[in-house]
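These notes concern the structure reproduced below.
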Amino acid sequence: MKPFTYERAKTPAEAAAAVARQPGAKFLAGGTNLLDLMKLEIETPRHLVDVQDLKLDRIEPTTDGGLRIGALVTNTALAADTRVRRDYGVLTRAIVAGASGQLRNKATTAGNLLQRTRCPYFYDPNMPCNKRKPGSGCAAIGGYSRQLAVIGSSDQCIATYPGDMAVAMRVLDATVETVKADGTTRAIPIADFHRLPGDKPHLDNNLEAGELITAVTVPRPLGGTHHYEKVRDRASYAFALVSVAAVIQKDGSGRAAFGGVAHKPWRVEAADALMTQGAAAVTARAFANARPTEDNAFKIPLATRALAATIAEGKSA
Amino acid sequence: MKFDTPAGTNPIDRETVVGQPHPRIEGPLKTTGRAVYSYENHEAAPNAAYGYVVGSGIAKGRISSMDVREAKAAPGVLAIVTADNAGPIKKQGFYVAKPLAGPEIEHYHQAIALVVAETFEQARHAASLIRVDYARAQGAFDLAAARAGAKPHQRQPDVRIGDFDKAFASAPMKVDATYTTPDHSHMMLEPHATIARWDGDHLTIWSAQQIVGWARRDLGNKLSIPQDKIRIVATYIGGGFGGKGSVCSDAILAALGARAVGRAVKVTLPRPLMPNNTTHRPATIQRVRLAAGRDGKLVAVGHETLSGNLPGGGPEIAAAQTQLLYAGANRLNLTRLATLDLPEGNAMRAPGEASGLMALEVAMDELAEKLGMDPVELRILNDTQVVPGAGPGRGTSTDPQSASGNQGKEEQGPRPFSIRQFIPCLRTGAERFGWEERNPKPGSRREGRWLIGMGMASAIRGAPIIPAGGRVTLDGKGIVTVESNMTDMGTGSYTIIGQTVAEMMGLPLDRVVVKLADSNYPEAFGGGGQGGAASATAGAYAACVKLREAVAMKLGFNSADAEFIDGDVRAGNRRAPLAQAAKDGAITAEDKMEYGDLSKRFEQQTFGAHFCEVAVDAYTGEIRIRRMLAVCAAGRILNPITARSQVIGGMVGGAGAALMEELAVDKRFGFFVNHDLAGYEVPVHADIPHQEVIFLEETDPTISPVKAKGVGELGISGVAPAIANAVYNATGVRVREYPITLDKHLTQLPEIV
């Protein structure tokens, strides 16, 4: 771990300004991912701005009937919220499918969106990795890639976004609210929040330097039945091989987002439109341009079968 | 004491303390955080500096340059130990890879430096400032590709009995299948950890070591320190599974670091360093050929196994148990070893049997299906009460950790088993598990989205007994203290040795103090090869026999007549309190149990049967275990609580091996990629819903007067194939490459869309 300095900000604007002011500064919330990466010197911030005092830990109704989830609401609190459990079941199910109780107690809503990839080559500083060290190459391509991306990848990176909560946020069409260093705010649709790796795989998302997430909003409830199907090798405490967040309506229509397959939660709206035709039709469209490796080609039939399970579950609900 | 004729009745047979379900006597210390593990021994080394191990960034080649100037100048840094300044390190001992490399690199993450600093954080940061340039060399990292150069190995000579080829060719029913098992990491909870302190030319290490005697021997040899100048203390160990069989880089480098800075140094291996820096269970490729008549009787049994290792390392002896498990006149048993440049393969949790049964017992399941015979009945039909064939059987113990020289080596002619309750294990298990509910037609039982299957497998595991000593002291308060360098990895050694002494001296367990795992105590081998419990309790027995004689003499009893009961010594109508013997001063007795040729005359094994029910998600192919049962016949069960813990722990290991554990090899860079606990998955609680263990009544008088055998490794042997067979019964898809992950059968599962 490289030596670093530390401060606790009092307001969101002050926090954003503090990070923007100092090259190499980062926000610190729950720290469940950042501190691990700092110990391995994969993240080497020179300065940490702790945001825990910003009072962004409330869940409030929005004027259009949705919910505004403060950036610092913990995963545990969000999953347990009665409004979330009633109207946004997919979100609760996704969150409790991830990590462990202890981690969910620390992890925050904003921090969880910023979770970095779990590509094993990213985690090993001896290996070339364009995400960790731009221009160094990608050891995962041609290497052990069972967990890695099958779609939206590039010749420079095949990492996946590993989280569960964001996959549910994507199916709910959530919006990420931020404040920038100059005090201005903006709202980023979740679809545009995470990036594909392209030729800049070191960038996970479209936040600017010093831009701080203050909240995530979800629009008014969709109704239907809510599903989160997380497929993994062991029963708990594992990243998804494939996950499906889905909301299925009584008439068989619905929407689905996939986790564990790309550099961002993967959803193709044109594929959602095929939901009444069944899982195979949806995934044929959603994974139309997939380029899996030999190790992870199974994820595509797995995505189909996992979606089929959720559709069947929706019908029987 | 020499044990050379089968044991008669002795005080252990009373089973007033031995055999009783005592909770672990050190348990409260552990559950309240007061048990001091090696890395935490601040009392022994209050001012210890911190060492941080730097691992090689390449798998094979040379360090062309190493610049430590910036690291050395970093805050808090006291010294940097490298091959340039460490002095000679000899390459001898249980582990063949060098604990400190340079300039030659033998494997990925091999230690190339130790940074010693005032704090852990300073040492870790300075380690990142060391600049290393490497010259990479070509290496061999692919076991299948290295097959051409594979050779036999002296530790397991080829066995050819009868005419295997002819018998196999002409038999009506046969299986010829190849199975693969991947590299496995021990991943015990406590990482390798050591504090080293020099007092003049005398070195003490507090170190997580399974076998104190081997640690002292290898540390002395590698660093050219006389053994009488070394003390090893391993009071508590947070698991080992074979990974702490002798000194690794943490211990060697802590000793060198402490010498360099002139004060105590503590070193632990960070989790991501462990799989590549230390040892692992090597991958195997196994071909099993079984041939039977239409009646199911085996006529040809062939098992060939291939594994790889660094030059000088040994093979995974995965085929040897096949010589002992089933009858059959024509036999072929070949062990081959290829040279690889991956990290060192060595002992892990039932080395040999655990991997070998993963192949053999699935092949038996395949044969049963071909024969249309119940898998339990097929195994019963092929039971043997003597070691099949007149050949040498197995050359040595399958376990390098047990390494007992007295396993039947030059024996000629059929050798009987000392006791073989294999059929009772199978029958009991079938009955208790409800085996008759199994539908032999695979893929035929469904509950909602789950495909349900049942499977079973046989278990066999050697029961090594190794010479061991003990020292017992009776004090004036009637307390007996026993000392032995046996270790306790969380297994229950403290408790069972205490129970043995309590039984022998006629005391309740709370009148016995047990002191273990210090090289100042009498040599008692240690924890490994499932040999520790039997060996160390026999050593304690020998010491107690001597103490009983001394007590009897002191109290004026004829020692042959004296009984030790309820804190008294009795003979005829006379009795005296035990404590009275020590009223003028403590009495100490020390002895060692040594062995004659019983383990040559008898094949000493433990037997078992594992049963498992699984559910496979018809949609996703995910496999979830529903329930598991183990039936074990393993000599006298010294303590049903600790023995059960051993077995259920082994079953968890078997579940991991069956369903998830795999060190993924990057064949380009030559290393295990998933080298942490996020990437290397082991079972979590949710994977293990229900486990049951049944111990059959058994004593084995050919082993020792205690008549006990080890049981921990029996607990893993046969588990993974029982699960594999259950998965097949659920799905009808036979996966022969472990682990059985969903991707290997997904597209062959029933269509669902």
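As shown in the structure tokens, the chain order sets the letters A, B, ...; within each chain, residues go from 1, and ligands are also counted from 1 in the order they appear.
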Return the neighbours of chain A among the residues of chain B, cut-off 7 Å, counting only C-alpha atoms, as a PyMOL selection string.
chain B and resi 57+121+124-125+619-620+622+660+664+666+673-674+683-684+686-687+741+743+753
List every residue of range 54-303 of chain A that DSSP, applied to the backbone of this structure, assigns to strand (DSSP E or B), and report them as an MDAnalysis selection string.
chainID A and resid 59:61 67:70 74 108 129 138 154 157 175:179 185:189 194 205 212:218 225:231 242:248 254:259 266
If you count only C-alpha atoms, which residues fall within 6 Å of range 6-16 of chain A, apart from same-chain ones fewer than 4 positions away, as number ranges by chain?
A: 47-51, 54, 180-181, 183, 210-212
Can you spit out the residues from that selection as a PDB file, in the first residue's frame, using N, CA, C and O atoms?
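File written: again-v9.pdb
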```
ATOM      1  N   HIS A  47      -4.339  10.448  -2.164  1.00  0.00           N
ATOM      2  CA  HIS A  47      -5.165  11.161  -1.186  1.00  0.00           C
ATOM      3  C   HIS A  47      -6.552  10.532  -1.205  1.00  0.00           C
ATOM      4  O   HIS A  47      -7.068  10.218  -2.275  1.00  0.00           O
ATOM      5  N   LEU A  48      -7.125  10.338  -0.025  1.00  0.00           N
ATOM      6  CA  LEU A  48      -8.480   9.802   0.053  1.00  0.00           C
ATOM      7  C   LEU A  48      -9.409  10.837   0.673  1.00  0.00           C
ATOM      8  O   LEU A  48      -9.072  11.435   1.705  1.00  0.00           O
ATOM      9  N   VAL A  49     -10.539  11.044   0.032  1.00  0.00           N
ATOM     10  CA  VAL A  49     -11.560  11.927   0.584  1.00  0.00           C
ATOM     11  C   VAL A  49     -12.711  11.042   1.049  1.00  0.00           C
ATOM     12  O   VAL A  49     -13.425  10.452   0.245  1.00  0.00           O
ATOM     13  N   ASP A  50     -12.827  10.939   2.362  1.00  0.00           N
ATOM     14  CA  ASP A  50     -13.840  10.062   2.953  1.00  0.00           C
ATOM     15  C   ASP A  50     -15.189  10.769   2.897  1.00  0.00           C
ATOM     16  O   ASP A  50     -15.324  11.906   3.370  1.00  0.00           O
ATOM     17  N   VAL A  51     -16.179  10.100   2.319  1.00  0.00           N
ATOM     18  CA  VAL A  51     -17.483  10.743   2.113  1.00  0.00           C
ATOM     19  C   VAL A  51     -18.541  10.292   3.129  1.00  0.00           C
ATOM     20  O   VAL A  51     -19.719  10.591   2.967  1.00  0.00           O
ATOM     21  N   LEU A  54     -21.390  12.698   4.584  1.00  0.00           N
ATOM     22  CA  LEU A  54     -22.154  13.556   3.666  1.00  0.00           C
ATOM     23  C   LEU A  54     -23.672  13.425   3.810  1.00  0.00           C
ATOM     24  O   LEU A  54     -24.414  14.085   3.100  1.00  0.00           O
ATOM     25  N   LYS A 180     -20.451  17.719  -9.628  1.00  0.00           N
ATOM     26  CA  LYS A 180     -19.078  17.899 -10.114  1.00  0.00           C
ATOM     27  C   LYS A 180     -18.333  18.885  -9.224  1.00  0.00           C
ATOM     28  O   LYS A 180     -18.927  19.557  -8.377  1.00  0.00           O
ATOM     29  N   ALA A 181     -17.057  18.983  -9.498  1.00  0.00           N
ATOM     30  CA  ALA A 181     -16.195  19.835  -8.671  1.00  0.00           C
ATOM     31  C   ALA A 181     -16.650  21.289  -8.692  1.00  0.00           C
ATOM     32  O   ALA A 181     -16.486  22.015  -7.714  1.00  0.00           O
ATOM     33  N   GLY A 183     -19.593  22.294  -8.656  1.00  0.00           N
ATOM     34  CA  GLY A 183     -20.876  22.414  -7.967  1.00  0.00           C
ATOM     35  C   GLY A 183     -22.062  22.092  -8.845  1.00  0.00           C
ATOM     36  O   GLY A 183     -23.181  21.981  -8.356  1.00  0.00           O
ATOM     37  N   GLY A 210     -13.251  13.835 -10.170  1.00  0.00           N
ATOM     38  CA  GLY A 210     -13.857  14.602  -9.086  1.00  0.00           C
ATOM     39  C   GLY A 210     -15.370  14.581  -9.078  1.00  0.00           C
ATOM     40  O   GLY A 210     -15.985  15.189  -8.202  1.00  0.00           O
ATOM     41  N   GLU A 211     -15.977  13.899 -10.022  1.00  0.00           N
ATOM     42  CA  GLU A 211     -17.442  13.850 -10.048  1.00  0.00           C
ATOM     43  C   GLU A 211     -17.933  12.813  -9.036  1.00  0.00           C
ATOM     44  O   GLU A 211     -17.505  11.664  -9.065  1.00  0.00           O
ATOM     45  N   LEU A 212     -18.815  13.245  -8.164  1.00  0.00           N
ATOM     46  CA  LEU A 212     -19.256  12.398  -7.056  1.00  0.00           C
ATOM     47  C   LEU A 212     -20.709  11.973  -7.253  1.00  0.00           C
ATOM     48  O   LEU A 212     -21.572  12.806  -7.528  1.00  0.00           O
TER      49      LEU A 212
END
```
What's the separation between CA of Thr62 in chain A and CA of Gly89 in chain A, in Å to one decimal place?
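Answer for the CA of Thr62 in chain A to CA of Gly89 in chain A separation: 18.0 Å.
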Residue contacts of Arg289 in chain B (12 Å, only C-alpha atoms) excluding same-chain residues fewer than 6 positions away, as an MDAnalysis selection string
chainID B and resid 164:165 167:169 171 173:179 298:305 319 322 330:334 359:364 366:367
Mind writing the picked residues with N, CA, C and O atoms as a tab-separated table (two decimals), in the first residue's frame?
```tsv
chain	number	residue	atom	x	y	z
B	164	PHE	N	-2.61	-58.75	-18.11
B	164	PHE	CA	-3.67	-57.76	-18.12
B	164	PHE	C	-4.25	-57.57	-19.52
B	164	PHE	O	-5.47	-57.57	-19.71
B	165	ASP	N	-3.36	-57.41	-20.50
B	165	ASP	CA	-3.84	-57.09	-21.85
B	165	ASP	C	-4.77	-58.16	-22.39
B	165	ASP	O	-5.82	-57.87	-22.95
B	167	ALA	N	-6.45	-60.46	-20.66
B	167	ALA	CA	-7.68	-60.56	-19.88
B	167	ALA	C	-8.62	-59.42	-20.22
B	167	ALA	O	-9.84	-59.61	-20.34
B	168	PHE	N	-8.06	-58.26	-20.39
B	168	PHE	CA	-8.91	-57.11	-20.69
B	168	PHE	C	-9.54	-57.27	-22.08
B	168	PHE	O	-10.73	-57.03	-22.27
B	169	ALA	N	-8.72	-57.72	-23.01
B	169	ALA	CA	-9.21	-57.84	-24.39
B	169	ALA	C	-10.34	-58.86	-24.50
B	169	ALA	O	-11.28	-58.67	-25.27
B	171	ALA	N	-12.43	-59.98	-22.10
B	171	ALA	CA	-13.56	-59.93	-21.16
B	171	ALA	C	-14.81	-59.37	-21.84
B	171	ALA	O	-14.72	-58.51	-22.72
B	173	MET	N	-17.34	-57.58	-20.47
B	173	MET	CA	-17.82	-56.28	-19.99
B	173	MET	C	-16.61	-55.44	-19.60
B	173	MET	O	-15.76	-55.89	-18.84
B	174	LYS	N	-16.54	-54.24	-20.13
B	174	LYS	CA	-15.36	-53.45	-19.77
B	174	LYS	C	-15.62	-51.96	-19.81
B	174	LYS	O	-16.55	-51.47	-20.46
B	175	VAL	N	-14.78	-51.26	-19.07
B	175	VAL	CA	-14.75	-49.80	-19.06
B	175	VAL	C	-13.32	-49.38	-19.35
B	175	VAL	O	-12.38	-49.93	-18.78
B	176	ASP	N	-13.17	-48.44	-20.23
B	176	ASP	CA	-11.85	-47.87	-20.53
B	176	ASP	C	-12.07	-46.36	-20.61
B	176	ASP	O	-12.61	-45.87	-21.59
B	177	ALA	N	-11.70	-45.67	-19.57
B	177	ALA	CA	-12.01	-44.24	-19.52
B	177	ALA	C	-10.84	-43.46	-18.92
B	177	ALA	O	-10.07	-43.99	-18.12
B	178	THR	N	-10.73	-42.22	-19.34
B	178	THR	CA	-9.70	-41.33	-18.83
B	178	THR	C	-10.35	-40.21	-18.02
B	178	THR	O	-11.35	-39.63	-18.45
B	179	TYR	N	-9.77	-39.97	-16.88
B	179	TYR	CA	-10.30	-38.97	-15.95
B	179	TYR	C	-9.18	-37.97	-15.64
B	179	TYR	O	-8.01	-38.35	-15.57
B	298	LEU	N	-14.51	-58.91	-11.37
B	298	LEU	CA	-13.42	-58.27	-12.09
B	298	LEU	C	-12.39	-59.31	-12.50
B	298	LEU	O	-11.97	-60.13	-11.67
B	299	VAL	N	-11.97	-59.25	-13.76
B	299	VAL	CA	-10.89	-60.13	-14.21
B	299	VAL	C	-9.64	-59.33	-14.55
B	299	VAL	O	-8.54	-59.87	-14.56
B	300	ALA	N	-9.82	-58.04	-14.83
B	300	ALA	CA	-8.65	-57.20	-15.14
B	300	ALA	C	-8.87	-55.82	-14.55
B	300	ALA	O	-9.94	-55.23	-14.70
B	301	VAL	N	-7.84	-55.36	-13.84
B	301	VAL	CA	-7.92	-54.06	-13.17
B	301	VAL	C	-6.68	-53.26	-13.57
B	301	VAL	O	-5.56	-53.62	-13.19
B	302	GLY	N	-6.90	-52.22	-14.36
B	302	GLY	CA	-5.77	-51.40	-14.80
B	302	GLY	C	-5.96	-49.95	-14.38
B	302	GLY	O	-7.04	-49.38	-14.54
B	303	HIS	N	-4.94	-49.40	-13.83
B	303	HIS	CA	-4.99	-47.99	-13.40
B	303	HIS	C	-3.64	-47.36	-13.70
B	303	HIS	O	-2.61	-47.81	-13.19
B	304	GLU	N	-3.65	-46.37	-14.58
B	304	GLU	CA	-2.41	-45.67	-14.94
B	304	GLU	C	-2.60	-44.20	-14.60
B	304	GLU	O	-3.62	-43.62	-14.95
B	305	THR	N	-1.60	-43.63	-13.96
B	305	THR	CA	-1.74	-42.23	-13.56
B	305	THR	C	-0.50	-41.42	-13.94
B	305	THR	O	0.63	-41.91	-13.85
B	319	ALA	N	-2.68	-44.27	-8.17
B	319	ALA	CA	-3.18	-45.58	-8.58
B	319	ALA	C	-2.95	-46.65	-7.53
B	319	ALA	O	-3.51	-47.74	-7.60
B	322	THR	N	-5.64	-48.79	-5.73
B	322	THR	CA	-6.42	-49.70	-6.58
B	322	THR	C	-5.94	-51.14	-6.42
B	322	THR	O	-6.71	-52.08	-6.61
B	330	ASN	N	-5.83	-60.22	-12.96
B	330	ASN	CA	-4.87	-59.61	-13.90
B	330	ASN	C	-4.83	-58.11	-13.65
B	330	ASN	O	-5.86	-57.44	-13.71
B	331	ARG	N	-3.62	-57.63	-13.39
B	331	ARG	CA	-3.55	-56.25	-12.91
B	331	ARG	C	-2.41	-55.47	-13.55
B	331	ARG	O	-1.33	-56.01	-13.79
B	332	LEU	N	-2.72	-54.22	-13.78
B	332	LEU	CA	-1.72	-53.29	-14.32
B	332	LEU	C	-1.82	-52.01	-13.50
B	332	LEU	O	-2.91	-51.45	-13.37
B	333	ASN	N	-0.70	-51.56	-12.96
B	333	ASN	CA	-0.74	-50.38	-12.11
B	333	ASN	C	0.52	-49.57	-12.36
B	333	ASN	O	1.61	-49.96	-11.97
B	334	LEU	N	0.33	-48.44	-13.06
B	334	LEU	CA	1.50	-47.67	-13.49
B	334	LEU	C	1.41	-46.23	-13.00
B	334	LEU	O	0.37	-45.59	-13.15
B	359	ALA	N	-11.02	-41.26	-9.89
B	359	ALA	CA	-11.07	-41.95	-11.18
B	359	ALA	C	-11.65	-43.35	-11.01
B	359	ALA	O	-12.64	-43.72	-11.64
B	360	LEU	N	-11.02	-44.14	-10.14
B	360	LEU	CA	-11.41	-45.54	-9.99
B	360	LEU	C	-12.88	-45.70	-9.66
B	360	LEU	O	-13.58	-46.56	-10.23
B	361	GLU	N	-13.37	-44.90	-8.74
B	361	GLU	CA	-14.73	-45.11	-8.25
B	361	GLU	C	-15.80	-44.62	-9.22
B	361	GLU	O	-16.95	-45.03	-9.13
B	362	VAL	N	-15.43	-43.75	-10.13
B	362	VAL	CA	-16.36	-43.41	-11.21
B	362	VAL	C	-16.34	-44.53	-12.25
B	362	VAL	O	-17.39	-44.93	-12.77
B	363	ALA	N	-15.16	-45.07	-12.50
B	363	ALA	CA	-15.08	-46.21	-13.44
B	363	ALA	C	-15.91	-47.38	-12.92
B	363	ALA	O	-16.58	-48.07	-13.71
B	364	MET	N	-15.88	-47.61	-11.62
B	364	MET	CA	-16.70	-48.68	-11.06
B	364	MET	C	-18.19	-48.40	-11.27
B	364	MET	O	-18.99	-49.29	-11.53
B	366	GLU	N	-19.40	-46.70	-13.72
B	366	GLU	CA	-19.66	-46.92	-15.15
B	366	GLU	C	-19.79	-48.42	-15.44
B	366	GLU	O	-20.62	-48.84	-16.25
B	367	LEU	N	-18.95	-49.21	-14.78
B	367	LEU	CA	-19.02	-50.66	-14.98
B	367	LEU	C	-20.34	-51.23	-14.44
B	367	LEU	O	-20.98	-52.06	-15.09
```
Polymer residues at most 10 Å from Leu598 in chain B, only C-alpha atoms, same-chain spacing of 4 or more positions, as a list in words
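In the requested form, the answer reads Phe3, Asp4, Thr5, Pro6, Asn406, Gln407, Gly408, Ser418, Phe602, Glu603, Gln604, Pro701, Thr702, Ile703 and Ser704 of chain B.
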Residues of the last selection are to be written out with all heavy atoms, as a compact mmCIF listing (two decimals), in the first residue's frame.
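This is the output file again-v4.txt:
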```txt
# COMPACT_ATOMS: atom_id res chain seq x y z
N PHE B 3 6.51 -52.74 20.11
CA PHE B 3 5.22 -53.36 19.82
C PHE B 3 5.42 -54.32 18.67
O PHE B 3 5.57 -53.90 17.52
CB PHE B 3 4.19 -52.28 19.47
CG PHE B 3 2.82 -52.84 19.17
CD1 PHE B 3 2.01 -53.31 20.20
CD2 PHE B 3 2.35 -52.92 17.87
CE1 PHE B 3 0.76 -53.83 19.94
CE2 PHE B 3 1.10 -53.45 17.60
CZ PHE B 3 0.30 -53.90 18.63
N ASP B 4 5.47 -55.62 18.99
CA ASP B 4 5.75 -56.57 17.92
C ASP B 4 4.82 -57.78 17.91
O ASP B 4 4.97 -58.66 17.06
CB ASP B 4 7.22 -57.03 17.95
CG ASP B 4 7.65 -57.46 19.34
OD1 ASP B 4 6.76 -57.64 20.20
OD2 ASP B 4 8.86 -57.60 19.56
N THR B 5 3.87 -57.82 18.84
CA THR B 5 2.83 -58.86 18.74
C THR B 5 1.48 -58.17 18.94
O THR B 5 1.39 -57.17 19.65
CB THR B 5 3.01 -59.95 19.82
OG1 THR B 5 3.06 -59.30 21.10
CG2 THR B 5 4.27 -60.74 19.62
N PRO B 6 0.44 -58.69 18.31
CA PRO B 6 -0.87 -58.02 18.42
C PRO B 6 -1.25 -57.79 19.88
O PRO B 6 -1.01 -58.61 20.75
CB PRO B 6 -1.81 -59.01 17.74
CG PRO B 6 -0.95 -59.70 16.74
CD PRO B 6 0.40 -59.84 17.39
N ASN B 406 7.98 -48.82 7.40
CA ASN B 406 7.57 -50.18 7.73
C ASN B 406 6.33 -50.62 6.96
O ASN B 406 5.72 -51.61 7.30
CB ASN B 406 7.33 -50.33 9.24
CG ASN B 406 6.30 -49.34 9.76
OD1 ASN B 406 5.69 -48.62 8.97
ND2 ASN B 406 6.13 -49.30 11.07
N GLN B 407 5.93 -49.87 5.93
CA GLN B 407 4.85 -50.36 5.10
C GLN B 407 5.38 -51.55 4.29
O GLN B 407 6.53 -51.58 3.90
CB GLN B 407 4.34 -49.27 4.15
CG GLN B 407 3.69 -48.12 4.89
CD GLN B 407 2.20 -48.35 5.12
OE1 GLN B 407 1.60 -49.17 4.45
NE2 GLN B 407 1.63 -47.64 6.05
N GLY B 408 4.49 -52.51 4.04
CA GLY B 408 4.92 -53.75 3.42
C GLY B 408 5.64 -53.55 2.10
O GLY B 408 5.03 -53.15 1.14
N SER B 418 -5.27 -56.45 8.17
CA SER B 418 -5.35 -56.60 9.63
C SER B 418 -6.81 -56.69 10.04
O SER B 418 -7.18 -57.51 10.88
CB SER B 418 -4.67 -55.42 10.32
OG SER B 418 -5.26 -54.20 9.93
N PHE B 602 0.72 -57.57 8.04
CA PHE B 602 -0.69 -57.23 7.78
C PHE B 602 -0.79 -55.93 6.98
O PHE B 602 -0.03 -54.99 7.24
CB PHE B 602 -1.45 -57.04 9.10
CG PHE B 602 -1.50 -58.27 9.94
CD1 PHE B 602 -0.59 -58.46 10.98
CD2 PHE B 602 -2.46 -59.25 9.70
CE1 PHE B 602 -0.63 -59.61 11.76
CE2 PHE B 602 -2.50 -60.40 10.48
CZ PHE B 602 -1.57 -60.59 11.51
N GLU B 603 -1.71 -55.93 6.05
CA GLU B 603 -2.00 -54.68 5.34
C GLU B 603 -2.97 -53.87 6.21
O GLU B 603 -4.08 -54.33 6.49
CB GLU B 603 -2.63 -54.98 3.98
CG GLU B 603 -2.89 -53.76 3.13
CD GLU B 603 -1.62 -53.01 2.77
OE1 GLU B 603 -0.63 -53.65 2.36
OE2 GLU B 603 -1.62 -51.77 2.90
N GLN B 604 -2.49 -52.73 6.65
CA GLN B 604 -3.28 -51.93 7.59
C GLN B 604 -3.88 -50.73 6.87
O GLN B 604 -3.17 -49.84 6.41
CB GLN B 604 -2.38 -51.47 8.75
CG GLN B 604 -1.86 -52.65 9.57
CD GLN B 604 -0.68 -52.30 10.44
OE1 GLN B 604 0.13 -51.44 10.09
NE2 GLN B 604 -0.56 -52.96 11.57
N PRO B 701 -5.87 -54.61 16.74
CA PRO B 701 -4.78 -54.92 17.68
C PRO B 701 -3.41 -55.04 17.01
O PRO B 701 -2.41 -55.16 17.71
CB PRO B 701 -5.20 -56.27 18.28
CG PRO B 701 -6.12 -56.88 17.28
CD PRO B 701 -6.79 -55.75 16.56
N THR B 702 -3.36 -54.98 15.67
CA THR B 702 -2.04 -55.07 15.02
C THR B 702 -1.38 -53.71 14.90
O THR B 702 -0.22 -53.60 14.52
CB THR B 702 -2.15 -55.66 13.60
OG1 THR B 702 -2.73 -54.69 12.72
CG2 THR B 702 -2.96 -56.94 13.58
N ILE B 703 -2.14 -52.64 15.18
CA ILE B 703 -1.59 -51.28 14.99
C ILE B 703 -0.73 -50.87 16.17
O ILE B 703 0.44 -50.50 16.03
CB ILE B 703 -2.75 -50.28 14.80
CG1 ILE B 703 -3.42 -50.49 13.44
CG2 ILE B 703 -2.27 -48.85 14.95
CD1 ILE B 703 -2.76 -49.81 12.29
N SER B 704 -1.33 -50.90 17.34
CA SER B 704 -0.63 -50.48 18.55
C SER B 704 -1.51 -50.91 19.72
O SER B 704 -2.66 -51.32 19.52
CB SER B 704 -0.45 -48.95 18.58
OG SER B 704 -1.62 -48.33 19.09
```
List the spatial neighbours of range 130-134 of chain A as a list of chain:residue names - criterion: any atom at most 8 Å away, only C-alpha atoms, same-chain residues fewer than 3 positions off excluded.
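Non-adjacent residues within range: A:Ile42, A:Phe122, A:Gly137, A:Cys138, A:Gln156, A:Cys157, A:Lys200, A:Pro201, A:His202, A:Leu203.
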In Å, with one decimal, what is the gap from CA of Ile112 in chain B to CA of Val132 in chain B?
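Interatomic distance, CA of Ile112 in chain B to CA of Val132 in chain B: 9.6 Å.
With only C-alpha atoms taken into account, the protein and nucleic acid residues at most 8 Å from Ala262 in chain A (excluding it and anything under 3 positions from it in its own chain) are Leu148, Ala149, Val150, Ile151, Gly152, Ser153, Ile158, Ala159, Thr160, Tyr161, Leu196, Gly259, Pro265 and Trp266 of chain A.
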DSSP on the backbone: which residues in range 356-569 of chain B end up as helix (DSSP H, G or I)? Give the answer as number ranges by chain.
B: 356-371, 375-381, 422-433, 435-437, 493-505, 509-511, 532-555
Which value, in Å to one decimal, gives the distance between CA of Ala145 in chain B and CA of His107 in chain B?
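We find that CA of Ala145 in chain B and CA of His107 in chain B lie 18.1 Å from each other.
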Which of these, B:Ala550, B:Ala254, B:Met651, B:Val212, has the shortest distance to Glu713 in chain B once you count only C-alpha atoms?
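Checking each of B:Ala550, B:Ala254, B:Met651, B:Val212 against Glu713 in chain B, counting only C-alpha atoms, the winner is B:Met651.
The residue that comes closest to Asp250 in chain B, out of B:Ser185, B:Gln92, B:Ser38, B:Gln286 and on the basis of only C-alpha atoms, is B:Ser38.
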